[in-house]
$ cat model_36.cif   # mmCIF, C-alpha atoms and all ligand atoms
data_upload
loop_
_atom_site.label_atom_id
_atom_site.label_comp_id
_atom_site.auth_asym_id
_atom_site.auth_seq_id
_atom_site.Cartn_x
_atom_site.Cartn_y
_atom_site.Cartn_z
CA MET A 30 -38.06 65.43 12.88
CA THR A 31 -36.10 68.34 11.37
CA GLY A 32 -33.56 68.56 8.62
CA ARG A 33 -33.11 68.50 4.90
CA MET A 34 -30.41 66.73 3.01
CA SER A 35 -27.39 68.89 2.23
CA PRO A 36 -28.32 70.40 -1.19
CA ASN A 37 -24.97 69.72 -2.86
CA LEU A 38 -25.00 66.08 -1.74
CA ALA A 39 -28.64 65.79 -2.86
CA LEU A 40 -27.78 67.21 -6.31
CA ASN A 41 -24.83 64.84 -6.56
CA GLN A 42 -27.10 61.86 -5.96
CA MET A 43 -29.65 63.20 -8.46
CA VAL A 44 -26.87 63.42 -11.07
CA ASP A 45 -25.78 59.82 -10.35
CA ARG A 46 -29.38 58.59 -10.76
CA ARG A 47 -30.02 60.47 -14.00
CA ARG A 48 -26.66 59.50 -15.49
CA ALA A 49 -27.33 55.88 -14.63
CA ALA A 50 -30.57 56.27 -16.62
CA GLY A 51 -28.52 57.39 -19.63
CA GLU A 52 -28.80 61.17 -19.44
CA SER A 53 -25.77 63.31 -20.35
CA LEU A 54 -25.29 65.99 -17.68
CA VAL A 55 -22.54 68.54 -17.01
CA HIS A 56 -22.16 68.43 -13.25
CA LEU A 57 -20.98 71.70 -11.72
CA ALA A 58 -22.74 71.33 -8.37
CA PHE A 59 -20.28 69.37 -6.26
CA GLY A 60 -16.96 70.61 -4.91
CA GLU A 61 -14.92 67.49 -5.26
CA ALA A 62 -11.30 67.60 -6.44
CA ARG A 63 -11.33 64.45 -8.51
CA LEU A 64 -7.75 63.46 -9.32
CA PRO A 65 -6.08 60.03 -9.56
CA LEU A 66 -4.93 58.50 -6.28
CA LEU A 67 -1.19 58.83 -5.70
CA PRO A 68 0.59 55.45 -5.24
CA GLY A 69 2.20 56.62 -1.98
CA LEU A 70 -1.23 57.22 -0.48
CA ALA A 71 -2.48 53.72 -1.29
CA ARG A 72 0.71 52.34 0.29
CA GLU A 73 0.28 54.39 3.47
CA LEU A 74 -3.35 53.36 3.81
CA ALA A 75 -2.40 49.69 3.55
CA GLU A 76 0.41 50.14 6.06
CA GLY A 77 -2.01 51.80 8.49
CA ALA A 78 -4.54 48.99 8.28
CA HIS A 79 -3.27 47.35 11.45
CA ARG A 80 -4.32 50.40 13.48
CA THR A 81 -7.59 49.01 14.72
CA ALA A 82 -7.74 50.66 18.17
CA TYR A 83 -9.83 53.76 18.86
CA GLY A 84 -6.81 55.67 20.20
CA PRO A 85 -6.92 59.19 21.71
CA ILE A 86 -9.95 61.30 20.77
CA ALA A 87 -7.90 64.22 19.35
CA GLY A 88 -5.67 61.84 17.38
CA ALA A 89 -2.36 60.12 18.18
CA GLU A 90 0.65 62.33 18.88
CA PRO A 91 2.66 61.57 15.67
CA ALA A 92 -0.24 62.57 13.42
CA ARG A 93 -0.95 65.72 15.45
CA ALA A 94 2.76 66.58 15.38
CA ALA A 95 2.75 66.27 11.57
CA VAL A 96 -0.20 68.67 11.34
CA ALA A 97 1.57 71.08 13.71
CA GLY A 98 4.59 70.99 11.37
CA TYR A 99 2.35 71.80 8.40
CA PHE A 100 1.10 74.95 10.19
CA ARG A 101 4.60 75.94 11.35
CA ARG A 102 5.71 75.93 7.70
CA ARG A 103 2.90 78.44 7.11
CA ARG A 104 4.06 81.05 9.63
CA LEU A 105 1.89 79.70 12.46
CA PRO A 106 3.89 78.50 15.49
CA THR A 107 2.03 75.37 16.58
CA SER A 108 2.52 72.46 18.97
CA ALA A 109 0.86 69.06 18.68
CA ASP A 110 -1.45 69.74 21.64
CA GLN A 111 -3.10 72.57 19.67
CA ILE A 112 -4.31 70.09 17.03
CA VAL A 113 -7.45 67.97 16.85
CA LEU A 114 -7.94 65.45 14.03
CA ALA A 115 -11.39 64.33 12.89
CA PRO A 116 -13.24 62.50 10.11
CA GLY A 117 -13.42 65.63 7.92
CA SER A 118 -13.28 69.29 8.81
CA LYS A 119 -17.08 69.38 8.51
CA ALA A 120 -17.30 67.42 11.76
CA LEU A 121 -14.94 69.91 13.43
CA LEU A 122 -16.95 72.88 12.14
CA MET A 123 -20.10 71.35 13.64
CA ALA A 124 -18.34 70.66 16.95
CA LEU A 125 -17.13 74.28 17.04
CA GLN A 126 -20.68 75.54 16.54
CA LEU A 127 -21.77 73.32 19.43
CA ALA A 128 -18.86 74.35 21.66
CA VAL A 129 -19.10 78.14 21.24
CA PRO A 130 -22.35 79.55 22.67
CA GLY A 131 -24.38 82.34 21.05
CA ASP A 132 -25.14 83.16 17.43
CA VAL A 133 -23.02 82.86 14.31
CA VAL A 134 -22.00 85.47 11.75
CA LEU A 135 -21.45 84.29 8.17
CA PRO A 136 -20.39 85.91 4.92
CA ARG A 137 -23.20 85.95 2.36
CA PRO A 138 -22.94 83.88 0.18
CA ALA A 139 -21.12 81.12 2.05
CA TRP A 140 -20.61 77.37 1.80
CA ASN A 141 -24.03 75.84 2.50
CA SER A 142 -23.12 73.67 5.50
CA TYR A 143 -22.26 76.52 7.89
CA ALA A 144 -25.87 77.76 8.11
CA ALA A 145 -27.30 74.24 8.20
CA GLN A 146 -24.97 73.35 11.07
CA ALA A 147 -25.95 76.55 12.90
CA GLY A 148 -29.56 75.37 12.68
CA TYR A 149 -28.70 72.05 14.30
CA ALA A 150 -26.73 73.90 17.00
CA GLY A 151 -29.77 76.13 17.71
CA LYS A 152 -27.96 79.24 16.52
CA HIS A 153 -29.34 82.25 14.73
CA VAL A 154 -27.40 83.17 11.55
CA ILE A 155 -26.42 86.76 10.85
CA GLY A 156 -25.45 86.90 7.16
CA ILE A 157 -23.34 89.83 5.96
CA PRO A 158 -22.74 90.58 2.26
CA VAL A 159 -19.22 90.02 0.97
CA PRO A 160 -17.27 92.89 -0.67
CA ALA A 161 -17.32 93.37 -4.45
CA ALA A 162 -13.69 92.27 -4.83
CA CYS A 163 -13.78 88.88 -3.11
CA GLY A 164 -15.84 86.46 -1.06
CA GLY A 165 -15.23 84.45 2.10
CA VAL A 166 -15.21 87.42 4.47
CA PRO A 167 -17.95 89.93 5.25
CA ASP A 168 -17.57 93.56 4.31
CA PRO A 169 -15.93 94.97 7.50
CA ALA A 170 -18.12 98.09 7.84
CA ALA A 171 -21.30 96.07 7.27
CA LEU A 172 -20.00 93.49 9.75
CA ARG A 173 -19.62 96.04 12.55
CA LEU A 174 -23.05 97.56 11.91
CA ALA A 175 -24.78 94.19 11.69
CA VAL A 176 -23.18 92.89 14.89
CA LEU A 177 -24.15 96.06 16.78
CA ALA A 178 -27.69 95.88 15.40
CA ALA A 179 -27.98 92.19 16.30
CA LYS A 180 -26.82 92.89 19.85
CA ALA A 181 -29.35 95.74 20.10
CA ARG A 182 -32.07 93.25 19.08
CA GLY A 183 -31.01 90.94 21.92
CA ARG A 184 -29.02 88.53 19.74
CA ASP A 185 -25.69 87.22 20.96
CA PRO A 186 -23.21 86.99 18.04
CA ARG A 187 -20.11 85.14 19.26
CA LEU A 188 -18.73 83.21 16.30
CA LEU A 189 -17.53 84.53 12.94
CA VAL A 190 -16.82 82.00 10.19
CA LEU A 191 -14.44 83.05 7.38
CA THR A 192 -13.50 80.99 4.31
CA LEU A 193 -9.97 81.63 3.05
CA PRO A 194 -9.81 80.99 0.11
CA ASP A 195 -13.51 81.02 -0.52
CA ASN A 196 -16.08 78.52 -1.60
CA PRO A 197 -18.30 79.63 -3.47
CA THR A 198 -16.52 82.58 -5.14
CA GLY A 199 -13.11 81.00 -5.79
CA THR A 200 -11.39 84.13 -4.48
CA LEU A 201 -9.08 84.97 -1.57
CA ALA A 202 -9.55 87.96 0.74
CA PRO A 203 -6.41 90.14 0.56
CA PRO A 204 -4.31 90.70 3.71
CA ALA A 205 -5.58 94.27 4.32
CA LEU A 206 -9.16 93.04 4.34
CA VAL A 207 -8.31 90.14 6.66
CA ARG A 208 -6.77 92.66 9.09
CA GLU A 209 -9.87 94.87 8.98
CA VAL A 210 -12.22 91.96 9.62
CA CYS A 211 -10.02 90.72 12.49
CA ALA A 212 -10.10 94.21 14.04
CA VAL A 213 -13.90 94.18 14.05
CA ALA A 214 -13.91 90.64 15.50
CA ALA A 215 -11.59 91.80 18.29
CA ALA A 216 -13.66 94.91 19.01
CA GLU A 217 -16.86 92.86 19.17
CA ASP A 218 -15.25 89.88 20.94
CA LEU A 219 -16.05 87.30 18.26
CA VAL A 220 -14.29 83.94 18.05
CA ILE A 221 -13.05 83.50 14.47
CA VAL A 222 -13.22 80.17 12.70
CA SER A 223 -10.97 80.43 9.66
CA ASP A 224 -11.85 77.62 7.25
CA GLU A 225 -8.61 77.21 5.28
CA ILE A 226 -9.35 73.94 3.51
CA TYR A 227 -8.48 75.56 0.12
CA ARG A 228 -5.33 77.27 1.40
CA ASP A 229 -2.91 75.27 -0.73
CA LEU A 230 -4.94 75.82 -3.89
CA VAL A 231 -4.15 79.48 -4.51
CA HIS A 232 -3.51 79.56 -8.26
CA ASP A 233 -0.62 82.03 -8.13
CA PRO A 234 0.68 82.40 -4.55
CA VAL A 235 2.98 85.29 -5.51
CA ALA A 236 0.23 87.38 -7.07
CA THR A 237 -2.29 86.40 -4.37
CA PRO A 238 -0.65 86.44 -0.93
CA PHE A 239 -2.31 84.52 1.89
CA LEU A 240 -2.72 85.96 5.39
CA SER A 241 -4.39 83.79 8.01
CA PRO A 242 -6.55 85.47 10.66
CA ALA A 243 -4.58 83.25 13.08
CA GLU A 244 -1.52 85.44 12.33
CA VAL A 245 -3.48 88.63 13.00
CA ALA A 246 -5.70 87.55 15.88
CA PRO A 247 -3.89 84.48 17.28
CA ASP A 248 -5.80 84.37 20.57
CA ARG A 249 -9.25 84.21 19.03
CA THR A 250 -8.80 82.21 15.81
CA VAL A 251 -9.36 78.51 15.22
CA VAL A 252 -8.15 77.28 11.82
CA THR A 253 -9.83 74.30 10.18
CA SER A 254 -8.21 72.35 7.38
CA GLY A 255 -8.18 68.92 5.81
CA LEU A 256 -7.06 66.65 3.02
CA SER A 257 -10.27 66.70 0.96
CA LYS A 258 -9.44 69.50 -1.48
CA ALA A 259 -5.74 70.14 -2.14
CA PHE A 260 -4.96 66.47 -1.59
CA GLY A 261 -8.08 65.12 -3.35
CA LEU A 262 -9.05 62.75 -0.53
CA GLY A 263 -12.62 63.84 0.25
CA GLY A 264 -13.91 60.32 0.72
CA TRP A 265 -11.15 59.41 3.16
CA ARG A 266 -12.57 62.01 5.55
CA ILE A 267 -9.43 63.50 7.12
CA GLY A 268 -9.76 66.92 8.77
CA ALA A 269 -7.81 68.90 11.34
CA ALA A 270 -8.26 71.99 13.52
CA ARG A 271 -5.62 74.24 15.05
CA PHE A 272 -6.61 75.96 18.29
CA PRO A 273 -4.96 79.02 19.88
CA GLY A 274 -2.12 78.15 22.25
CA THR A 275 -3.69 80.28 25.01
CA ASP A 276 -5.64 79.03 28.04
CA SER A 277 -8.93 80.01 26.42
CA GLY A 278 -7.82 78.28 23.20
CA GLN A 279 -7.13 75.10 25.13
CA ARG A 280 -10.53 75.34 26.87
CA LEU A 281 -12.19 75.60 23.46
CA ARG A 282 -10.14 72.65 22.23
CA ASP A 283 -11.25 70.62 25.26
CA ALA A 284 -14.89 71.52 24.53
CA VAL A 285 -14.51 70.34 20.91
CA VAL A 286 -12.78 67.14 22.07
CA ALA A 287 -15.70 66.56 24.46
CA VAL A 288 -18.14 66.74 21.51
CA ALA A 289 -15.85 64.49 19.46
CA GLY A 290 -15.76 61.91 22.23
CA GLU A 291 -19.54 61.59 22.09
CA VAL A 292 -19.93 61.71 18.31
CA TRP A 293 -17.01 60.20 16.37
CA SER A 294 -14.57 59.00 19.10
CA ALA A 295 -11.47 59.51 16.93
CA LEU A 296 -10.28 59.74 13.33
CA ALA A 297 -9.94 56.15 12.01
CA GLY A 298 -6.45 54.76 12.74
CA PRO A 299 -5.47 54.04 9.10
CA MET A 300 -6.46 57.57 8.18
CA GLN A 301 -4.23 58.95 10.94
CA HIS A 302 -1.39 57.02 9.32
CA VAL A 303 -2.22 58.70 5.98
CA ALA A 304 -2.50 62.10 7.69
CA GLU A 305 0.96 61.71 9.22
CA TYR A 306 2.40 61.07 5.75
CA VAL A 307 0.56 63.82 3.87
CA TYR A 308 0.98 66.57 6.46
CA ALA A 309 4.74 65.96 6.41
CA GLU A 310 4.50 67.09 2.75
CA PRO A 311 6.96 64.75 1.02
CA PRO A 312 7.95 65.69 -2.56
CA GLU A 313 5.24 63.47 -4.15
CA ILE A 314 2.57 65.40 -2.23
CA GLN A 315 4.06 68.83 -2.93
CA ALA A 316 4.25 68.11 -6.66
CA ARG A 317 0.62 66.91 -6.80
CA VAL A 318 -0.69 69.93 -4.87
CA ALA A 319 1.18 72.31 -7.19
CA ALA A 320 -0.04 70.51 -10.32
CA GLY A 321 -3.59 70.42 -8.95
CA ALA A 322 -3.58 74.16 -8.19
CA ARG A 323 -2.34 74.87 -11.75
CA LEU A 324 -5.06 72.72 -13.29
CA HIS A 325 -7.83 74.12 -11.09
CA GLY A 326 -6.73 77.65 -12.00
CA ALA A 327 -6.64 76.99 -15.73
CA VAL A 328 -10.09 75.38 -15.84
CA ALA A 329 -11.74 77.85 -13.43
CA ARG A 330 -10.41 80.72 -15.59
CA ALA A 331 -11.73 79.02 -18.73
CA VAL A 332 -15.22 78.69 -17.18
CA HIS A 333 -14.96 82.31 -16.00
CA ASP A 334 -14.32 83.30 -19.63
CA VAL A 335 -17.37 81.36 -20.75
CA VAL A 336 -19.75 82.97 -18.23
CA THR A 337 -18.45 86.50 -18.78
CA ARG A 338 -18.76 86.08 -22.57
CA ALA A 339 -22.40 85.15 -21.93
CA GLY A 340 -22.87 88.55 -20.25
CA ALA A 341 -22.51 87.60 -16.57
CA GLY A 342 -20.43 89.49 -14.04
CA CYS A 343 -18.00 87.24 -12.19
CA ARG A 344 -15.08 87.76 -9.83
CA PRO A 345 -11.96 86.35 -11.53
CA PRO A 346 -11.09 83.11 -9.69
CA THR A 347 -7.76 83.13 -7.87
CA ALA A 348 -7.97 79.98 -5.72
CA GLY A 349 -9.74 76.65 -5.50
CA PHE A 350 -12.12 75.41 -8.18
CA TYR A 351 -15.24 77.55 -8.15
CA VAL A 352 -16.74 80.50 -9.97
CA TYR A 353 -19.80 82.44 -8.84
CA PRO A 354 -21.32 84.21 -11.85
CA ASP A 355 -23.95 86.91 -11.53
CA PHE A 356 -26.36 87.25 -14.48
CA GLU A 357 -27.74 90.57 -13.17
CA PRO A 358 -26.30 92.51 -16.18
CA VAL A 359 -28.58 90.46 -18.48
CA ARG A 360 -31.60 90.31 -16.15
CA GLU A 361 -33.97 91.72 -18.76
CA ARG A 362 -33.04 89.15 -21.37
CA LEU A 363 -33.41 86.39 -18.80
CA ARG A 364 -36.80 87.80 -17.78
CA ASP A 365 -37.93 87.66 -21.43
CA ASN A 366 -37.11 83.95 -21.24
CA GLY A 367 -39.10 83.51 -18.02
CA ILE A 368 -36.14 83.44 -15.60
CA GLY A 369 -36.38 85.80 -12.61
CA ASP A 370 -34.52 84.23 -9.70
CA SER A 371 -31.66 81.90 -8.82
CA ALA A 372 -33.89 78.82 -8.50
CA GLY A 373 -35.37 79.48 -11.95
CA LEU A 374 -31.93 80.05 -13.44
CA ALA A 375 -30.59 76.73 -12.10
CA ARG A 376 -33.75 74.88 -13.19
CA ARG A 377 -33.54 76.28 -16.73
CA LEU A 378 -29.87 75.30 -17.07
CA LEU A 379 -30.76 71.75 -16.06
CA ASP A 380 -33.93 71.43 -18.14
CA ASP A 381 -32.64 73.04 -21.34
CA SER A 382 -28.97 72.10 -21.30
CA GLY A 383 -28.36 69.36 -18.72
CA VAL A 384 -26.05 71.66 -16.74
CA VAL A 385 -26.25 71.22 -12.96
CA VAL A 386 -25.32 74.19 -10.72
CA LEU A 387 -25.98 75.20 -7.11
CA PRO A 388 -28.27 78.27 -7.05
CA GLY A 389 -27.13 81.17 -4.86
CA HIS A 390 -30.11 81.13 -2.49
CA LEU A 391 -28.93 77.75 -1.19
CA LEU A 392 -25.74 79.54 -0.11
CA GLY A 393 -27.57 82.24 1.85
CA ASP A 394 -27.67 84.66 -1.09
CA ASP A 395 -30.73 86.71 -2.09
CA PRO A 396 -33.23 84.32 -3.78
CA GLY A 397 -34.08 87.09 -6.26
CA GLY A 398 -30.45 87.24 -7.40
CA LEU A 399 -29.33 85.59 -10.62
CA ARG A 400 -26.28 83.88 -9.19
CA PHE A 401 -25.06 80.32 -8.85
CA LYS A 402 -21.99 78.41 -7.87
CA ALA A 403 -20.20 76.35 -10.49
CA ALA A 404 -17.60 73.86 -9.24
CA THR A 405 -15.20 73.33 -12.10
CA SER A 406 -13.23 70.39 -10.72
CA LEU A 407 -15.60 67.68 -11.95
CA LEU A 408 -14.84 68.55 -15.57
CA TYR A 409 -11.50 66.78 -15.70
CA GLY A 410 -12.99 63.51 -16.94
CA ASP A 411 -12.10 59.93 -16.14
CA ASP A 412 -8.85 58.74 -14.54
CA GLU A 413 -6.84 58.84 -17.76
CA GLN A 414 -8.22 62.26 -18.78
CA GLN A 415 -7.42 63.56 -15.29
CA ARG A 416 -3.79 62.46 -15.75
CA LEU A 417 -3.63 64.22 -19.13
CA SER A 418 -5.24 67.33 -17.64
CA LEU A 419 -2.72 67.45 -14.78
CA ALA A 420 0.22 67.17 -17.18
CA ALA A 421 -1.01 69.58 -19.87
CA ASP A 422 0.40 73.09 -20.29
CA GLU A 423 -2.97 74.30 -21.47
CA PRO A 424 -5.52 71.82 -20.13
CA ALA A 425 -8.53 73.81 -21.40
CA ARG A 426 -7.38 73.01 -24.96
CA LEU A 427 -7.52 69.24 -24.44
CA PRO A 428 -10.36 67.74 -26.50
CA HIS A 429 -12.42 66.49 -23.54
CA LEU A 430 -12.19 69.84 -21.76
CA SER A 431 -12.71 72.06 -24.78
CA ALA A 432 -15.80 69.98 -25.71
CA VAL A 433 -17.38 70.52 -22.31
CA LEU A 434 -16.45 74.23 -22.33
CA ASP A 435 -18.21 74.55 -25.72
CA ARG A 436 -21.26 72.83 -24.30
CA LEU A 437 -21.28 75.29 -21.38
CA ALA A 438 -20.93 78.25 -23.75
CA GLU A 439 -23.98 77.00 -25.68
CA ALA A 440 -25.94 76.50 -22.45
CA PHE A 441 -25.26 80.03 -21.20
CA ALA A 442 -25.94 81.56 -24.63
CA ARG A 443 -29.31 79.76 -24.67
CA LEU A 444 -30.30 81.50 -21.40
CA THR A 445 -30.17 84.92 -23.00
CA ALA A 446 -31.10 84.07 -26.60
CA PRO A 447 -34.32 85.57 -27.98
CA ALA A 448 -37.17 83.12 -27.22
CA THR A 449 -37.61 82.18 -30.93
CA ARG A 450 -33.99 80.96 -31.19
CA ARG A 451 -34.05 78.76 -28.08
C1 LIG A 501 -15.46 75.61 2.54
C2 LIG A 501 -15.48 74.17 2.91
N1 LIG A 501 -15.24 73.83 4.16
C3 LIG A 501 -15.27 72.54 4.56
C4 LIG A 501 -15.56 71.54 3.67
C5 LIG A 501 -15.67 70.13 4.20
O1 LIG A 501 -14.58 69.41 3.97
P1 LIG A 501 -14.27 68.01 4.71
O2 LIG A 501 -14.23 67.04 3.61
O3 LIG A 501 -12.97 68.25 5.40
O4 LIG A 501 -15.37 67.73 5.69
C6 LIG A 501 -15.82 71.84 2.35
C7 LIG A 501 -16.18 70.77 1.37
O5 LIG A 501 -16.90 70.99 0.44
C8 LIG A 501 -15.77 73.19 1.94
O6 LIG A 501 -16.00 73.55 0.68
#
$ encode --input "model_36.cif" --output "structure tokens" --more "lines below"
Ligand SMILES: Cc1ncc(COP(=O)(O)O)c(C=O)c1O
Amino acid sequence: MTGRMSPNLALNQMVDRRRAAGESLVHLAFGEARLPLLPGLARELAEGAHRTAYGPIAGAEPARAAVAGYFRRRRLPTSADQIVLAPGSKALLMALQLAVPGDVVLPRPAWNSYAAQAGYAGKHVIGIPVPAACGGVPDPAALRLAVLAAKARGRDPRLLVLTLPDNPTGTLAPPALVREVCAVAAAEDLVIVSDEIYRDLVHDPVATPFLSPAEVAPDRTVVTSGLSKAFGLGGWRIGAARFPGTDSGQRLRDAVVAVAGEVWSALAGPMQHVAEYVYAEPPEIQARVAAGARLHGAVARAVHDVVTRAGAGCRPPTAGFYVYPDFEPVRERLRDNGIGDSAGLARRLLDDSGVVVLPGHLLGDDPGGLRFKAATSLLYGDDEQQRLSLAADEPARLPHLSAVLDRLAEAFARLTAPATRR
């Protein structure tokens, strides 16, 4: 038997167990956008309950048409037959890895499931460092060299996964960089999977323009998306993929639908009803997405302030709800406290301060690095506190948020404090 439980899900369950035993933990290791359920969504789910049939594997036409409309409003001409719905985009990402032969190229660091899925698909992973300015895409020059070197070694890189905006760095690759990466993918004949599940959570869309690889390289890009992040519906498991409108795009779509037919059959009928409603983007949904993006930005920036004040380097977050600090600038002080790698750093934060983070090596990063991912979206508190946070002009000043930010500041200060003061 092979396989290890997904580390973020495993940490989440560990937190639940220890909290149930009375421990107070600050949980930064799970990328869930926890916000109160909108009344319209509960209504749609109830209305969809009668949909008990399996239905078409790719999803029923009205739901696929709604997803196509969502992409058309984002400069991507799309028809319903380019869309496949699934129980979460994770399932679609796995099906894509199974449907495209050869090896997979990933940014390093990257969301942990890509490499794990590659393992199940029997693929070799070629990890390429991300640029200094942002994550989610490999450095283009390093990408070209690594692909050529892999081919020379007899590897067969065929698939390039990009994350726009990125988990774990909370940043978005700028358009010029997207164009450069697409040019390398075209030159080396790589299929691009552009994971755009955080697309609607850019904190300031004017300051941080979004360019999809599907606009630059339409014939070779599959976009994956879903309702888990911007729409806060992770547990409802609604994902979608948009395939190129070309013959080869339709062949790839058919290959993914073939996998789907043997694994999940179809997205659950009631969830297709919800998808049809959300992807049409009525005002209630637009307002929530905008408020969510504002809140995520404010809290991610506040956590960024905390880690940089503790001496870490960290890309300023511009999208989603993550920061990816690097404690390299204070390596010596950490070494004096017995911390020399990302596993040790995460362990110390948990043992000394009850702060749970995902160490960088679990995201493909160098185990000797002093980096971790902190998801900031679980800090918003219970239902009522989430409502207050969404409505606040300066959410980080609310008592429940400022208290947890203070606790984080103390935790990070403790990492670098002289041993006698710890
Ligand atoms: C980058 C990225 N892609 C995909 C997913 C999976 O989302 P879904 O809930 O659609 O399976 C996640 C969730 O953590 C994610 O962070």
$ closest_atom_pairs --input "model_36.cif" --of "chain A" --to "ligand LIG 501 (chain A)" --cutoff "7 Å" --atoms "all atoms listed in the file" --output "CSV"
residue,atom,partner,partner_atom,distance
A:Gly60,CA,A:LIG501,O5,5.4
A:Glu61,CA,A:LIG501,O5,7.0
A:Gly117,CA,A:LIG501,O4,3.6
A:Ser118,CA,A:LIG501,O3,3.6
A:Lys119,CA,A:LIG501,O4,3.7
A:Ala120,CA,A:LIG501,O4,6.4
A:Trp140,CA,A:LIG501,C1,5.5
A:Thr192,CA,A:LIG501,C1,6.0
A:Asp195,CA,A:LIG501,C1,6.5
A:Asn196,CA,A:LIG501,C1,5.1
A:Asp224,CA,A:LIG501,N1,6.0
A:Ile226,CA,A:LIG501,N1,5.9
A:Ser254,CA,A:LIG501,O3,6.6
A:Gly255,CA,A:LIG501,O3,4.9
A:Leu256,CA,A:LIG501,O3,6.6
A:Ser257,CA,A:LIG501,O2,4.8
A:Gly263,CA,A:LIG501,O2,4.9
A:Arg266,CA,A:LIG501,O2,5.6
A:Ile267,CA,A:LIG501,O3,6.2
A:Gly268,CA,A:LIG501,O3,4.8
$ residues_around --input "model_36.cif" --residues "Arg93 in chain A" --least-positions-apart "5" --cutoff "10 Å" --atoms "all atoms listed in the file" --output "ChimeraX atom specification"
/A:87-88,98-99,108-114,269-271,301,304-305,308
$ atom_distance --input "model_36.cif" --atom1 "CA of Gln279 in chain A" --atom2 "CA of Leu193 in chain A"
23.2 Å
$ closest_residue --input "model_36.cif" --among "A:Val190, A:Leu70, A:Ala236, A:Ala115" --to "Ser294 in chain A" --atoms "all atoms listed in the file"
A:Ala115
$ closest_residue --input "model_36.cif" --among "A:Ala145, A:Leu125, A:Ala440, A:Val44" --to "Ala289 in chain A" --atoms "only C-alpha atoms"
A:Leu125
$ atom_distance --input "model_36.cif" --atom1 "CA of Tyr353 in chain A" --atom2 "CA of Gly199 in chain A"
7.5 Å
$ residues_around --input "model_36.cif" --residues "Gly261 in chain A" --least-positions-apart "4" --cutoff "12 Å" --atoms "all atoms listed in the file" --output "ChimeraX atom specification"
/A:60-67,70,226-227,229-230,255-257,265-267,307,314,317-318,320-322,325,349,406-407
$ residues_around --input "model_36.cif" --residues "range 80-83 of chain A" --least-positions-apart "5" --cutoff "9 Å" --atoms "all atoms listed in the file" --output "PyMOL selection string"
chain A and resi 294-299+301-302
$ write_last_selection --input "model_36.cif" --atoms "C-alpha atoms" --output "tab-separated table (two decimals), in the frame of the given file"
chain	number	residue	atom	x	y	z
A	294	SER	CA	-14.57	59.00	19.10
A	295	ALA	CA	-11.47	59.51	16.93
A	296	LEU	CA	-10.28	59.74	13.33
A	297	ALA	CA	-9.94	56.15	12.01
A	298	GLY	CA	-6.45	54.76	12.74
A	299	PRO	CA	-5.47	54.04	9.10
A	301	GLN	CA	-4.23	58.95	10.94
A	302	HIS	CA	-1.39	57.02	9.32
$ closest_residue --input "model_36.cif" --among "A:Gly367, A:Pro91, A:Pro346, A:Pro186" --to "Thr237 in chain A" --atoms "only C-alpha atoms"
A:Pro346
$ closest_residue --input "model_36.cif" --among "A:Leu408, A:Ala372, A:Leu281, A:Ala442" --to "Ala124 in chain A" --atoms "all atoms listed in the file"
A:Leu281
$ residues_around --input "model_36.cif" --residues "Arg103 in chain A" --least-positions-apart "3" --cutoff "12 Å" --atoms "all atoms listed in the file" --output "ChimeraX atom specification"
/A:96-100,106-107,225,228-229,238-241,243-244
$ residues_around --input "model_36.cif" --residues "Val245 in chain A" --least-positions-apart "4" --cutoff "10 Å" --atoms "all atoms listed in the file" --output "number ranges by chain"
A: 204, 207-212, 240-241, 249-250
$ write_last_selection --input "model_36.cif" --atoms "C-alpha atoms" --output "PDB file, in the coordinates of the input"
ATOM      1  CA  PRO A 204      -4.310  90.700   3.710  1.00  0.00           C
ATOM      2  CA  VAL A 207      -8.310  90.140   6.660  1.00  0.00           C
ATOM      3  CA  ARG A 208      -6.770  92.660   9.090  1.00  0.00           C
ATOM      4  CA  GLU A 209      -9.870  94.870   8.980  1.00  0.00           C
ATOM      5  CA  VAL A 210     -12.220  91.960   9.620  1.00  0.00           C
ATOM      6  CA  CYS A 211     -10.020  90.720  12.490  1.00  0.00           C
ATOM      7  CA  ALA A 212     -10.100  94.210  14.040  1.00  0.00           C
ATOM      8  CA  LEU A 240      -2.720  85.960   5.390  1.00  0.00           C
ATOM      9  CA  SER A 241      -4.390  83.790   8.010  1.00  0.00           C
ATOM     10  CA  ARG A 249      -9.250  84.210  19.030  1.00  0.00           C
ATOM     11  CA  THR A 250      -8.800  82.210  15.810  1.00  0.00           C
TER      12      THR A 250
END
$ atom_distance --input "model_36.cif" --atom1 "CA of Pro354 in chain A" --atom2 "CA of Arg46 in chain A"
26.9 Å
$ closest_residue --input "model_36.cif" --among "A:Asn366, A:Ser418, A:Asn37, A:Gln315" --to "Ala403 in chain A" --atoms "all atoms listed in the file"
A:Asn37
$ closest_residue --input "model_36.cif" --among "A:Ser35, A:His429, A:Phe441, A:Ala341" --to "Arg377 in chain A" --atoms "only C-alpha atoms"
A:Phe441
